[in-house]
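These notes concern the structure reproduced below.
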4 protein chains.
Amino acid sequence: MILFNSDYTEGAHPAIMQKLMETNMEQTVGYGEDAYCGQAREYIKRACGAPDAAVHFLVGGTQANTAVISSILRPHQGVLSAESGHINVHETGAIESYGHKVLALPSEDGKITAKQVKTAHREHWKDESFEHIVQPKLVYISHPTEMGTLYTLEELEAIRLACDECGLYLFMDGARLGYGLCAPDTTVTLNAIAAICDVFYIGGTKVGALFGEAVVITNPELQEDFRYIMKQKGGMLAKGRMLGIQFGELFRDGLYYDISRIAIDLAMKIKQGALKKGYSLFMDSMTNQQFLIVDDARLAVLKTKYGFTYWQRYDEEHSVIRICTSWATRDEDVKKLISDL
Amino acid sequence: MILFNSDYTEGAHPAIMQKLMETNMEQTVGYGEDAYCGQAREYIKRACGAPDAAVHFLVGGTQANTAVISSILRPHQGVLSAESGHINVHETGAIESYGHKVLALPSEDGKITAKQVKTAHREHWKDESFEHIVQPKLVYISHPTEMGTLYTLEELEAIRLACDECGLYLFMDGARLGYGLCAPDTTVTLNAIAAICDVFYIGGTKVGALFGEAVVITNPELQEDFRYIMKQKGGMLAKGRMLGIQFGELFRDGLYYDISRIAIDLAMKIKQGALKKGYSLFMDSMTNQQFLIVDDARLAVLKTKYGFTYWQRYDEEHSVIRICTSWATRDEDVKKLISDL
Amino acid sequence: MILFNSDYTEGAHPAIMQKLMETNMEQTVGYGEDAYCGQAREYIKRACGAPDAAVHFLVGGTQANTAVISSILRPHQGVLSAESGHINVHETGAIESYGHKVLALPSEDGKITAKQVKTAHREHWKDESFEHIVQPKLVYISHPTEMGTLYTLEELEAIRLACDECGLYLFMDGARLGYGLCAPDTTVTLNAIAAICDVFYIGGTKVGALFGEAVVITNPELQEDFRYIMKQKGGMLAKGRMLGIQFGELFRDGLYYDISRIAIDLAMKIKQGALKKGYSLFMDSMTNQQFLIVDDARLAVLKTKYGFTYWQRYDEEHSVIRICTSWATRDEDVKKLISDL
Amino acid sequence: MILFNSDYTEGAHPAIMQKLMETNMEQTVGYGEDAYCGQAREYIKRACGAPDAAVHFLVGGTQANTAVISSILRPHQGVLSAESGHINVHETGAIESYGHKVLALPSEDGKITAKQVKTAHREHWKDESFEHIVQPKLVYISHPTEMGTLYTLEELEAIRLACDECGLYLFMDGARLGYGLCAPDTTVTLNAIAAICDVFYIGGTKVGALFGEAVVITNPELQEDFRYIMKQKGGMLAKGRMLGIQFGELFRDGLYYDISRIAIDLAMKIKQGALKKGYSLFMDSMTNQQFLIVDDARLAVLKTKYGFTYWQRYDEEHSVIRICTSWATRDEDVKKLISDL
C-alpha cells in the first residue's frame, strides 16, 4: 500500500532526525527555555521580518488553536470561522471545551471574506438583544484552508481592514503554511502574513517535523502571559528543546520552503495527470492537498493499492477523495498513482 | 405605549401574587426543600402522569438549559438543536461556557425532524475521523419553538424513536409550554411529553409566574445528583419556597392552562384580525407569538403606539415583527392594535 | 418550630411585597432595562458616593460571584480567597466550573490579611516555575465573612494597598453587607467600600429582598460588557424590573439599613443572653450570625423547638451552632430562645 | 555546567532514537492507529498482566491528567489529591480549566492515606449542605510522589479499599513510575498497580522517551470514548506512531526497567555520599529525586558548577535542593557532585 492519506504518514525530514540524533545527549533546561529554542525563535522572527514578535513552540495544532484563542477571548466572546474550519469540525470541540462558541460562516471553498466578517460584526451589534448573543471578537482563518485553497494577498488585506474597522483580532492557522507560501503564483509571503495577522502559527507537524507548531504573536497586546496558557492547554513540552531543534533546522537555511516545494511539485503532477485523464477537481487546489472526483468503480480499485482520504460523496456514482503529498512522497509512487488513475 | 414585546412585560398572575403575600411571613427552610416545593412537585407529577419523575424548580431558562445539558453530557458530546434554538442563539453561549458544542441543524420553522436527528447521528459515526468530531448525544427541541410553531404528536414520537435508535437523549425546552399545550387542535399533552422526553421543563417566567422553570426528569438515569448541578449553575434559589408557591398555584387547579388559554385566544384574535386586513404571516403560529409581515411605512406608525419585537427584514419594503400576548394582555389593547394594523 | 437557620427563612420585607403588588400590572421591558432598575441604580450610586459606578442587578450570589470573577480573570489566573470563603466551599465549585482555581488562604475567622495577599503574590512570582502555577490576579473577601466577622476600615485599606502594590483587583462579596454596615462600632461605610473595592455587591436575598444582589463596579476597566456575562452566567432576570423594584425600596429611604439594624439588635440580645448564661462564643460576631458553643445534651433539647445550623463539632461533648436573625425575626422568639438556652 | 535539574535534560534513550531513525521513512496512518502503537499496547498489557485494559498513548502528563480526570468526572465532582499533587500545583490550573475542583488534602511527604480519603468522603456526605459542596469522586495519587516518596503495597491496597467503600475511582499519576517500580525494597509491581487502580499512566517523558505517557484504563466502565477526550484535550499526536515506537522499545524487553535502575543506582550513590558527608535529607527518597538540606554558603558554590532545582527555604541558613538522576546521568558527574558536596 502506498499512502497518500495525509502529510504526516512518515517521520521527520532526515535533516531534522540527524540533528535530533547529534544533540541527543546534550543537557538543556526544559520547557522551551533552552538555547535551541532561543535560536529558532530568532530564525523565525527574521524569516517573518518581525523582530518584536513573540514566538512560542507548541506540541500540536489543537493546543496551538486553544492556547491562542483562549488567551485572547473573554468568556462571552466567540471566534468567527469558516464552517469547514479545523477548529469548528475536527478538534472534538476543543474550543468549546474552553468555553467559547465557534461562530461558523458558510463557505464553499474553506475561505471566508472580509464582507462576511463585516456582516457578522454588524449583525451582532445591530441586534436588539446583542447582549444575549455571543460577541464576535476574533477571526480565524486557515491558510491554506482545509480544502487546499489559498487566500490572495488582497483578500487577506481586506480581512485585516475589516478586522480593524470592527475591532476584531485576526488569527491564521498555518498548520500547512509552507504549502501556502510555496504554492505557484501566490504573493502571500511570511512577511505579509506577519504584517497582516495579530497572531498566526507556522505548522511543523504537516511540513516535515516530527511534531510542533510555532505560534508567532505580532500584536504586543496579545503577548502577555502566553506561556502560562500554553502550559495550561497542554501545549508546552517538557523536553522543549526538541521543538527548538526542529524549527531551527526548518528555518536556518530555508528547509521549510524546500520541503514545501517538493510536496507542491508532486501535487501539481498529480493534478495535471488527473486532469489529463479526464478527472474533474472538486476544489482547484494549488497546494499539497488535491481533491479529485472519482467514479466509484475506479475508487474500489484504487483503494486496493493506495491510501487516501475519503472526503465526501459527490453524486450517486462519484466520490471525492483527498490526496496529500509531502516532502517524503516518492516520485515513483506519484507516477504509479497517475498511471492507475 | 402598549407593549406586546414579550410574555413577561408584567409581574405575576394575581393569584400568585396573592399567595406570595399570604405566605410571606411563614418560616421555611431554603433551597427548595420546604413543604410548598414538595406540594408543587406532587401537583406537577400528577399533571404529567409521571409519579416517578424528579421535579426541580430553577430560577430561569438559561439555568435550566445549562443544568440539564451539562448534567447529561460528557465533555466530548454535544447537543443537537435547531439553528434557531434558544441555546444556540440567545443565551450568550451559556452551553459553550460549560464546554459543550451546540450542533446546529438547519430549520425554517424552528423545528427539527426525526430524519435530521438520524442523519446527524449517522454522519457522525460513519466519518473516518469520528473521534475528532463532537459526538451528538442529546437532542434539544423547543415546544413551542422560538418561532411559535408546534410539533405534532406524531413528530415528537418520531423524534423519540430516532433517539432510541441512535442512543440519544431527548430534552424539551418548554419555556412557553403552556401555549403549546393550549394551542388550538394540538394533541400534544403534558402526559405525552412526559412519556416521550427524557427530561423537559415547564416554563413559569413566560406563563404567569414572576420567574421560575420546573424541570421534570422522567428518565431515572438522569436524576442522580441534579441538585448539585442546579446549585453550581446558579439555578437554585435560596428562598426556594417562592418557586414552590408559584408552581403550586399554577398546577393546583389548572391555572397554568387558564393563563395559557387567555394568551392564545388573544393571539388568535390578532392573527385573524391581521389576516382579515390583508397581512401575511411570516410563520403560521397557533401560539401566543404571532409573526406578521408589515410594510415599513406602517411599521413606523405602529412603533409610536405599540411595543413589539423587530424580528428581521423581510424584503426591501417589509419587515417581520413579533407580537406576544400573555394572561395580562388586555382585550381592549388587542382591539386597538387590530384597528391600527 | 422557630427557625433561626438563616436570614432567608421568610419572604421579603412587607414594603417590598407591597411595592411588587402595586406595580404588578405595569408593563415594562425586560432584562433590567426598565425605569425601576434605572431608578434603583441611581439610588445605589448615590448611597455609594460613586456616580460613575456601573450597577447591575443579578438573581443571586452564585451568579454574582461567577459573573464578576469570570468577567475579570484570564484563563490562567485565579482568585485568592479565605479557605472558608463562600466561593471556595459553598457554591459546588461554580468558580472552577468556569475554569478558574480558587487559591485558598488559611483563615481562622473568615478574614484574610494584606500580608497574606502580598505573600501569595510574592510566592508566585519568585517561583522558578511560576508559569506552571495559577497566577493570582483577584482578591475575594466577604464582608461580613461567612463567620460573621468584619474587616476594620484599616484592614480593608491595607488590603487595597496590597492589591495596588501587586497589581491585583479587589472584589467584596456583600451577600450580608447590610449587617456589616450596621454592626456596632464599625467604621466601614458603603462609601468606603466603594472607594476601596474594584467591584463589590450589595446583598438583597439575605437582607430583606425576595432575592437579588446589586453588583457595583467602580473600576471603569472592569465595566465593559458585563451584561453579556450576567446573561451567560444565568444572572440576568427576564422580569428584571422585580430587582429594580426591590432595590429601589431598599435604597430609596434607607430601608436596607433599617432592616439590618433590626437583625443586629436581636443578634446582640441573643449574644448577651448566651454570655450571661455562661455560654462561650465560637466566634465573636458583631453581626446577625451568632456562633455558640453548646453542650450536646442541651443541643438535643434545643433541636426540638428551634431550627439553626449545625456548624461543626467543638469537642467530644460540645458542638458549635449558628443562629441567624433577620428583619423578620420576632422579639418574642428571641426571648423564648434565650430563656431556653 | 552539569545539570541535575530534572530527568528530562537530555533527549531519548539511544535505543529509542535508533528505532525512530530506522522507521522514519515508513508510512503509517496517524493518531495512534498504526501497527507500532498496536504492538506497544500489547507489550504494556502483558507487562501489566491486564489483557483487557485499554492503553492509550498521550503526548504529555498534563494532557494525560486532564484527559483521564475529565473523562471520569461529572461537572459537580472533584478529585482528591495531596496538596503537593502535580495537578494541584504545577499544571497552571489545567484541571480547573476543564471545570473541576482539585480537593487538596494536607500531606507532608506527598502521599495521602486511606483514612484521609474516607474522612473526606464522610465529611462530604454528612454535611447538611452537601449539594452546595463539590462531591469527591476520584482519588489522584502520584507514585512516586512529587517528593520522591513511594506508597507501600499495603498503603495502596488500603486506598483501594477506601475507594471501594466510598464509591470513588482511583487514578495513579505515574509520570515517574519506572523509578517507583525499581526502587530498592518496594513490593509495588506494575501488576499490582494494574490490579489496584482504575486507571493509571506509565510515564515516558521522565523515563527515557522523547515524550509520551501511556494511559492504562483497567476499569471497563471508564474505557468508553476515551480517544475523543484525548483529542479534545490535545493529547493525541498526529504522527502517533512515534509514541508506539517509543513505548514499544521501552516495553519489548524491559528497557523501561533498565533505564529506571540506572537512575536509581546513581541517586542512591548521591544520597549515600551526602549522608556520609553529614548532609541531612529533607525527604528520605528511594527514587531518582533526592532532596538535600544545604547550607546557603555551600549552595552558592554548588550553583556555579551544577544545575538543580531550588525546592524551598529550610531555615535561615539552609535551603532544600532537589537533585534528579536519569538514564543519561553520567557516573563521573555523580562522583564530581559528591566530591563537591
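So you can find residues: chains in the C-alpha cells are A, B, ... in the order shown, residues in each start at 1, and ligands are numbered from 1 in order.
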(message) If we count only C-alpha atoms and set the cut-off at 7 Å, which residues sit around stretch 165-173 of chain C, ignoring sequence neighbours fewer than 3 positions away in its own chain? Please answer as a ChimeraX atom specification.
(response) /C:118,121,137-143,161-162,197-201
Go ahead and save the residues from that selection, with C-alpha atoms, as a PDB file, in the first residue's frame.
```pdb
ATOM      1  CA  LYS C 118       1.317  40.146  49.461  1.00  0.00           C
ATOM      2  CA  HIS C 121       1.735  37.323  45.222  1.00  0.00           C
ATOM      3  CA  LYS C 137      -4.986  38.222  39.985  1.00  0.00           C
ATOM      4  CA  LEU C 138      -8.036  38.917  42.099  1.00  0.00           C
ATOM      5  CA  VAL C 139      -8.715  39.038  45.833  1.00  0.00           C
ATOM      6  CA  TYR C 140     -12.107  37.900  47.069  1.00  0.00           C
ATOM      7  CA  ILE C 141     -13.251  38.914  50.522  1.00  0.00           C
ATOM      8  CA  SER C 142     -16.625  38.570  52.233  1.00  0.00           C
ATOM      9  CA  HIS C 143     -17.872  41.353  54.466  1.00  0.00           C
ATOM     10  CA  LEU C 161      -2.810  48.897  49.242  1.00  0.00           C
ATOM     11  CA  ALA C 162      -1.559  45.339  48.886  1.00  0.00           C
ATOM     12  CA  CYS C 197     -13.021  47.840  46.098  1.00  0.00           C
ATOM     13  CA  ASP C 198     -12.860  47.497  42.332  1.00  0.00           C
ATOM     14  CA  VAL C 199     -16.165  45.697  42.468  1.00  0.00           C
ATOM     15  CA  PHE C 200     -18.497  44.514  45.207  1.00  0.00           C
ATOM     16  CA  TYR C 201     -22.074  43.546  45.662  1.00  0.00           C
TER      17      TYR C 201
END
```
All in-order C-alpha pairs, least squares, chain B moved onto chain D. Output the fitted coordinates as a compact mmCIF listing (two decimals) with C-alpha atoms, in the first residue's frame, please.
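Here's the written file selection17.txt:
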```txt
# COMPACT_ATOMS: atom_id res chain seq x y z
CA MET B 1 27.61 23.13 34.01
CA ILE B 2 26.36 19.69 34.89
CA LEU B 3 22.58 19.56 35.11
CA PHE B 4 20.72 17.57 37.75
CA ASN B 5 17.64 19.77 37.37
CA SER B 6 15.32 17.09 36.16
CA ASP B 7 15.02 13.73 34.49
CA TYR B 8 14.39 15.37 31.13
CA THR B 9 17.55 17.31 30.46
CA GLU B 10 18.65 15.03 27.60
CA GLY B 11 16.86 13.60 24.58
CA ALA B 12 15.73 9.99 24.46
CA HIS B 13 17.50 6.76 25.29
CA PRO B 14 19.73 5.81 22.32
CA ALA B 15 17.74 2.66 21.60
CA ILE B 16 14.65 4.79 21.10
CA MET B 17 16.45 7.25 18.87
CA GLN B 18 17.82 4.35 16.88
CA LYS B 19 14.37 2.91 16.31
CA LEU B 20 12.91 6.27 15.37
CA MET B 21 15.67 6.62 12.79
CA GLU B 22 15.15 3.13 11.40
CA THR B 23 11.43 3.58 10.97
CA ASN B 24 11.50 7.18 9.90
CA MET B 25 10.63 6.64 6.26
CA GLU B 26 7.95 4.04 6.81
CA GLN B 27 4.42 5.06 6.05
CA THR B 28 1.73 4.61 8.67
CA VAL B 29 -1.68 6.01 9.40
CA GLY B 30 -1.86 8.66 12.09
CA TYR B 31 -3.36 9.23 15.53
CA GLY B 32 -2.15 6.04 17.17
CA GLU B 33 -3.91 3.58 14.94
CA ASP B 34 -0.74 2.16 13.37
CA ALA B 35 0.87 -1.21 13.99
CA TYR B 36 3.64 0.19 16.23
CA CYS B 37 1.07 1.53 18.63
CA GLY B 38 -0.83 -1.75 18.42
CA GLN B 39 2.30 -3.70 19.27
CA ALA B 40 3.25 -1.38 22.11
CA ARG B 41 -0.22 -1.71 23.58
CA GLU B 42 0.22 -5.48 23.65
CA TYR B 43 3.60 -5.20 25.36
CA ILE B 44 2.15 -2.94 28.02
CA LYS B 45 -0.91 -5.07 28.66
CA ARG B 46 1.39 -8.04 29.03
CA ALA B 47 3.69 -6.13 31.38
CA CYS B 48 0.66 -5.13 33.46
CA GLY B 49 -0.97 -8.55 33.42
CA ALA B 50 -4.07 -6.74 32.21
CA PRO B 51 -5.18 -8.21 28.90
CA ASP B 52 -8.47 -6.31 28.91
CA ALA B 53 -7.06 -2.93 29.73
CA ALA B 54 -7.35 -0.07 27.24
CA VAL B 55 -3.97 1.51 26.58
CA HIS B 56 -3.63 4.98 25.05
CA PHE B 57 -0.52 6.97 24.26
CA LEU B 58 -0.68 10.68 25.06
CA VAL B 59 1.75 13.45 24.40
CA GLY B 60 2.46 14.51 27.98
CA GLY B 61 1.46 14.48 31.61
CA THR B 62 -0.82 17.50 31.65
CA GLN B 63 -2.84 16.07 28.78
CA ALA B 64 -2.91 12.65 30.45
CA ASN B 65 -4.16 14.16 33.69
CA THR B 66 -6.82 16.34 32.11
CA ALA B 67 -7.99 13.61 29.73
CA VAL B 68 -8.32 11.00 32.46
CA ILE B 69 -9.91 13.27 35.03
CA SER B 70 -12.36 14.96 32.74
CA SER B 71 -13.32 11.66 31.15
CA ILE B 72 -14.44 10.42 34.57
CA LEU B 73 -15.99 13.27 36.50
CA ARG B 74 -19.38 14.88 36.13
CA PRO B 75 -19.40 18.68 36.48
CA HIS B 76 -20.10 18.82 40.22
CA GLN B 77 -17.47 16.27 41.12
CA GLY B 78 -13.90 16.89 42.18
CA VAL B 79 -10.68 15.00 42.58
CA LEU B 80 -8.96 14.36 45.89
CA SER B 81 -5.23 14.98 45.73
CA ALA B 82 -2.34 15.68 48.04
CA GLU B 83 -1.75 19.42 48.33
CA SER B 84 1.57 18.83 46.64
CA GLY B 85 0.00 16.83 43.79
CA HIS B 86 1.14 17.87 40.33
CA ILE B 87 -2.42 18.57 39.25
CA ASN B 88 -2.89 20.88 42.22
CA VAL B 89 0.24 22.95 41.91
CA HIS B 90 2.12 22.58 38.66
CA GLU B 91 -0.27 22.46 35.74
CA THR B 92 -1.41 26.10 35.73
CA GLY B 93 -4.86 25.04 36.81
CA ALA B 94 -5.43 22.69 33.87
CA ILE B 95 -7.93 20.60 35.85
CA GLU B 96 -9.88 23.69 36.85
CA SER B 97 -9.70 24.92 33.28
CA TYR B 98 -11.95 21.97 32.46
CA GLY B 99 -14.31 22.77 35.28
CA HIS B 100 -13.25 20.58 38.17
CA LYS B 101 -12.05 21.50 41.63
CA VAL B 102 -8.99 19.78 43.00
CA LEU B 103 -9.84 18.88 46.58
CA ALA B 104 -6.47 19.22 48.26
CA LEU B 105 -5.59 17.07 51.27
CA PRO B 106 -2.73 18.01 53.59
CA SER B 107 0.41 15.95 53.14
CA GLU B 108 3.92 16.20 54.48
CA ASP B 109 5.53 13.71 52.15
CA GLY B 110 3.44 13.91 49.00
CA LYS B 111 1.32 10.90 49.94
CA ILE B 112 -2.24 10.67 51.13
CA THR B 113 -3.76 7.93 53.24
CA ALA B 114 -6.78 5.70 53.04
CA LYS B 115 -7.97 7.39 56.20
CA GLN B 116 -7.84 10.82 54.60
CA VAL B 117 -9.84 9.52 51.69
CA LYS B 118 -12.50 8.02 53.93
CA THR B 119 -12.65 11.14 56.06
CA ALA B 120 -13.05 13.42 53.06
CA HIS B 121 -15.84 11.23 51.77
CA ARG B 122 -17.60 11.08 55.13
CA GLU B 123 -17.24 14.81 55.75
CA HIS B 124 -18.86 15.50 52.43
CA TRP B 125 -21.86 13.29 52.84
CA LYS B 126 -22.60 14.19 56.42
CA ASP B 127 -22.65 17.92 55.69
CA GLU B 128 -26.18 19.35 55.76
CA SER B 129 -25.28 21.37 52.68
CA PHE B 130 -23.56 18.60 50.77
CA GLU B 131 -25.18 19.65 47.51
CA HIS B 132 -23.50 23.02 47.84
CA ILE B 133 -20.10 21.40 48.04
CA VAL B 134 -18.03 19.74 45.34
CA GLN B 135 -18.53 15.99 45.56
CA PRO B 136 -15.36 13.89 45.85
CA LYS B 137 -15.47 11.15 43.21
CA LEU B 138 -11.91 10.40 42.21
CA VAL B 139 -8.65 9.92 44.09
CA TYR B 140 -5.46 11.09 42.44
CA ILE B 141 -2.15 9.80 43.71
CA SER B 142 1.35 10.11 42.30
CA HIS B 143 3.72 7.18 42.52
CA PRO B 144 6.48 8.13 43.06
CA THR B 145 5.18 11.33 44.52
CA GLU B 146 6.43 14.77 43.60
CA MET B 147 8.70 14.41 46.65
CA GLY B 148 10.25 11.17 45.57
CA THR B 149 8.40 9.10 48.15
CA LEU B 150 6.61 5.84 47.48
CA TYR B 151 3.48 4.15 48.60
CA THR B 152 3.85 0.69 50.03
CA LEU B 153 1.72 -2.08 48.61
CA GLU B 154 -0.26 -2.11 51.85
CA GLU B 155 -0.95 1.60 51.60
CA LEU B 156 -2.15 1.28 48.04
CA GLU B 157 -4.39 -1.63 48.94
CA ALA B 158 -5.85 0.34 51.79
CA ILE B 159 -6.58 3.27 49.48
CA ARG B 160 -8.22 0.88 47.02
CA LEU B 161 -10.38 -0.47 49.81
CA ALA B 162 -11.30 3.05 50.87
CA CYS B 163 -12.27 3.86 47.28
CA ASP B 164 -14.43 0.76 47.10
CA GLU B 165 -16.15 1.62 50.34
CA CYS B 166 -16.78 5.18 49.27
CA GLY B 167 -17.64 4.66 45.61
CA LEU B 168 -14.57 6.52 44.39
CA TYR B 169 -12.30 5.87 41.43
CA LEU B 170 -8.54 5.62 41.85
CA PHE B 171 -6.12 7.23 39.41
CA MET B 172 -2.34 7.00 39.65
CA ASP B 173 -0.09 9.55 37.99
CA GLY B 174 2.95 7.53 37.07
CA ALA B 175 4.95 10.26 35.36
CA ARG B 176 8.00 8.72 37.10
CA LEU B 177 6.57 5.24 37.49
CA GLY B 178 9.74 3.43 36.47
CA TYR B 179 11.61 4.89 39.42
CA GLY B 180 8.90 3.63 41.71
CA LEU B 181 8.93 0.14 40.25
CA CYS B 182 12.69 -0.15 40.52
CA ALA B 183 13.20 1.47 43.89
CA PRO B 184 15.06 -0.65 46.45
CA ASP B 185 12.81 -2.85 48.57
CA THR B 186 9.48 -1.85 47.05
CA THR B 187 6.91 -4.58 46.53
CA VAL B 188 4.71 -2.44 44.30
CA THR B 189 4.81 -4.03 40.86
CA LEU B 190 3.17 -2.99 37.64
CA ASN B 191 0.81 -5.92 38.02
CA ALA B 192 -0.19 -4.74 41.47
CA ILE B 193 -0.80 -1.23 40.21
CA ALA B 194 -2.95 -2.49 37.36
CA ALA B 195 -4.96 -4.57 39.81
CA ILE B 196 -5.38 -1.74 42.30
CA CYS B 197 -6.05 1.34 40.15
CA ASP B 198 -8.98 2.06 37.87
CA VAL B 199 -6.65 3.97 35.64
CA PHE B 200 -2.99 4.98 35.75
CA TYR B 201 -0.27 6.06 33.43
CA ILE B 202 3.23 4.95 32.73
CA GLY B 203 5.43 7.96 32.21
CA GLY B 204 7.71 8.11 29.24
CA THR B 205 8.92 11.72 29.20
CA LYS B 206 10.79 11.38 32.49
CA VAL B 207 11.88 7.79 31.91
CA GLY B 208 13.83 7.80 28.71
CA ALA B 209 11.41 8.75 25.96
CA LEU B 210 11.42 11.96 23.97
CA PHE B 211 7.94 12.45 25.33
CA GLY B 212 4.79 10.45 25.91
CA GLU B 213 2.69 8.83 28.60
CA ALA B 214 0.85 5.53 28.34
CA VAL B 215 -2.56 5.68 29.98
CA VAL B 216 -3.81 2.27 31.10
CA ILE B 217 -7.52 2.04 31.86
CA THR B 218 -8.26 -1.20 33.61
CA ASN B 219 -11.79 -0.40 34.71
CA PRO B 220 -14.01 -1.14 31.71
CA GLU B 221 -16.56 1.47 32.85
CA LEU B 222 -14.00 4.15 32.17
CA GLN B 223 -12.88 2.99 28.74
CA GLU B 224 -15.68 4.34 26.59
CA ASP B 225 -14.89 7.17 24.20
CA PHE B 226 -11.51 7.94 25.71
CA ARG B 227 -9.98 8.75 22.33
CA TYR B 228 -12.45 11.58 21.78
CA ILE B 229 -11.34 13.11 25.05
CA MET B 230 -7.64 12.60 24.26
CA LYS B 231 -8.20 14.50 21.05
CA GLN B 232 -10.16 17.30 22.69
CA LYS B 233 -7.55 17.74 25.41
CA GLY B 234 -4.66 17.97 22.95
CA GLY B 235 -3.28 14.60 23.96
CA MET B 236 -3.50 12.85 20.58
CA LEU B 237 -0.45 13.03 18.34
CA ALA B 238 -0.84 13.23 14.55
CA LYS B 239 2.29 11.16 13.93
CA GLY B 240 1.10 8.82 16.61
CA ARG B 241 3.40 6.00 15.70
CA MET B 242 6.22 7.88 17.38
CA LEU B 243 4.60 7.09 20.69
CA GLY B 244 4.08 3.48 19.73
CA ILE B 245 7.68 3.15 18.63
CA GLN B 246 8.98 4.65 21.86
CA PHE B 247 6.81 2.59 24.17
CA GLY B 248 7.49 -0.47 22.03
CA GLU B 249 11.19 -0.05 22.70
CA LEU B 250 10.62 0.63 26.37
CA PHE B 251 8.43 -2.41 26.96
CA ARG B 252 9.56 -5.01 24.45
CA ASP B 253 12.45 -6.32 26.50
CA GLY B 254 12.37 -4.39 29.75
CA LEU B 255 14.26 -1.28 28.71
CA TYR B 256 11.90 0.75 30.88
CA TYR B 257 13.22 -1.06 33.94
CA ASP B 258 16.85 -0.87 32.85
CA ILE B 259 16.57 2.87 32.41
CA SER B 260 14.96 3.29 35.78
CA ARG B 261 17.55 1.19 37.57
CA ILE B 262 20.43 3.24 36.24
CA ALA B 263 18.84 6.40 37.58
CA ILE B 264 18.03 4.82 40.93
CA ASP B 265 21.54 3.48 41.40
CA LEU B 266 23.06 6.87 40.80
CA ALA B 267 20.52 8.55 43.05
CA MET B 268 21.38 6.14 45.85
CA LYS B 269 25.04 6.95 45.39
CA ILE B 270 24.29 10.64 45.75
CA LYS B 271 22.18 10.00 48.81
CA GLN B 272 24.81 7.86 50.50
CA GLY B 273 27.49 10.33 49.54
CA ALA B 274 25.53 13.19 51.01
CA LEU B 275 24.72 11.34 54.21
CA LYS B 276 28.34 10.36 54.62
CA LYS B 277 29.30 14.00 54.34
CA GLY B 278 26.87 14.90 57.05
CA TYR B 279 24.01 16.30 54.99
CA SER B 280 20.47 15.85 56.16
CA LEU B 281 17.72 14.71 53.87
CA PHE B 282 14.60 16.81 53.58
CA MET B 283 12.70 13.74 52.46
CA ASP B 284 14.02 10.21 52.55
CA SER B 285 13.54 9.22 48.93
CA MET B 286 14.29 5.80 47.43
CA THR B 287 13.79 7.13 43.94
CA ASN B 288 15.65 9.24 41.42
CA GLN B 289 14.78 12.52 43.08
CA GLN B 290 16.90 13.37 46.11
CA PHE B 291 16.12 16.25 48.44
CA LEU B 292 19.09 17.59 50.37
CA ILE B 293 19.28 20.29 53.00
CA VAL B 294 22.19 22.50 52.07
CA ASP B 295 23.63 25.48 53.89
CA ASP B 296 23.43 28.62 51.86
CA ALA B 297 27.16 29.20 51.58
CA ARG B 298 27.68 25.76 50.09
CA LEU B 299 24.66 26.28 47.87
CA ALA B 300 26.23 29.37 46.34
CA VAL B 301 29.30 27.35 45.45
CA LEU B 302 27.38 24.39 44.05
CA LYS B 303 25.34 26.66 41.83
CA THR B 304 28.41 27.68 39.91
CA LYS B 305 29.02 24.12 38.71
CA TYR B 306 25.71 22.26 38.86
CA GLY B 307 22.14 22.77 37.85
CA PHE B 308 19.45 21.53 40.27
CA THR B 309 16.05 22.66 41.49
CA TYR B 310 15.76 25.10 44.35
CA TRP B 311 12.95 23.46 46.29
CA GLN B 312 12.32 25.71 49.26
CA ARG B 313 13.90 27.52 52.14
CA TYR B 314 14.58 25.21 55.10
CA ASP B 315 15.63 27.69 57.77
CA GLU B 316 17.47 30.98 57.88
CA GLU B 317 20.74 29.44 56.82
CA HIS B 318 19.67 26.38 54.87
CA SER B 319 17.77 25.57 51.72
CA VAL B 320 16.34 22.41 50.23
CA ILE B 321 17.51 21.43 46.77
CA ARG B 322 16.27 18.68 44.53
CA ILE B 323 18.73 16.60 42.55
CA CYS B 324 17.45 14.34 39.77
CA THR B 325 19.16 11.49 38.02
CA SER B 326 18.15 9.69 34.86
CA TRP B 327 19.40 7.02 32.44
CA ALA B 328 21.59 9.73 30.94
CA THR B 329 23.29 10.82 34.13
CA ARG B 330 26.97 10.05 33.96
CA ASP B 331 28.70 8.22 36.75
CA GLU B 332 31.59 10.65 36.61
CA ASP B 333 29.26 13.60 37.10
CA VAL B 334 27.79 11.95 40.15
CA LYS B 335 31.27 11.45 41.56
CA LYS B 336 32.13 15.07 40.95
CA LEU B 337 28.94 16.19 42.63
CA ILE B 338 29.54 14.06 45.71
CA SER B 339 33.05 15.31 45.98
CA ASP B 340 31.81 18.91 45.77
CA LEU B 341 29.04 18.46 48.28
```
(request) Select from stretch 16-199 of chain D everything DSSP, run on the backbone, classes as helix (DSSP H, G or I), then give the selection as a PyMOL selection string. (result) chain D and resi 16-22+35-48+61-72+86-89+94-97+114-126+130-132+153-166+177-181+190-196
(request) Would you return as a PyMOL selection string the members of stretch 83-326 of chain D that DSSP assigns to strand (DSSP E) on this structure's backbone? (result) chain D and resi 102-105+135-142+169-173+199-203+213-217+280-283+289-295+306-307+309-315+318-324
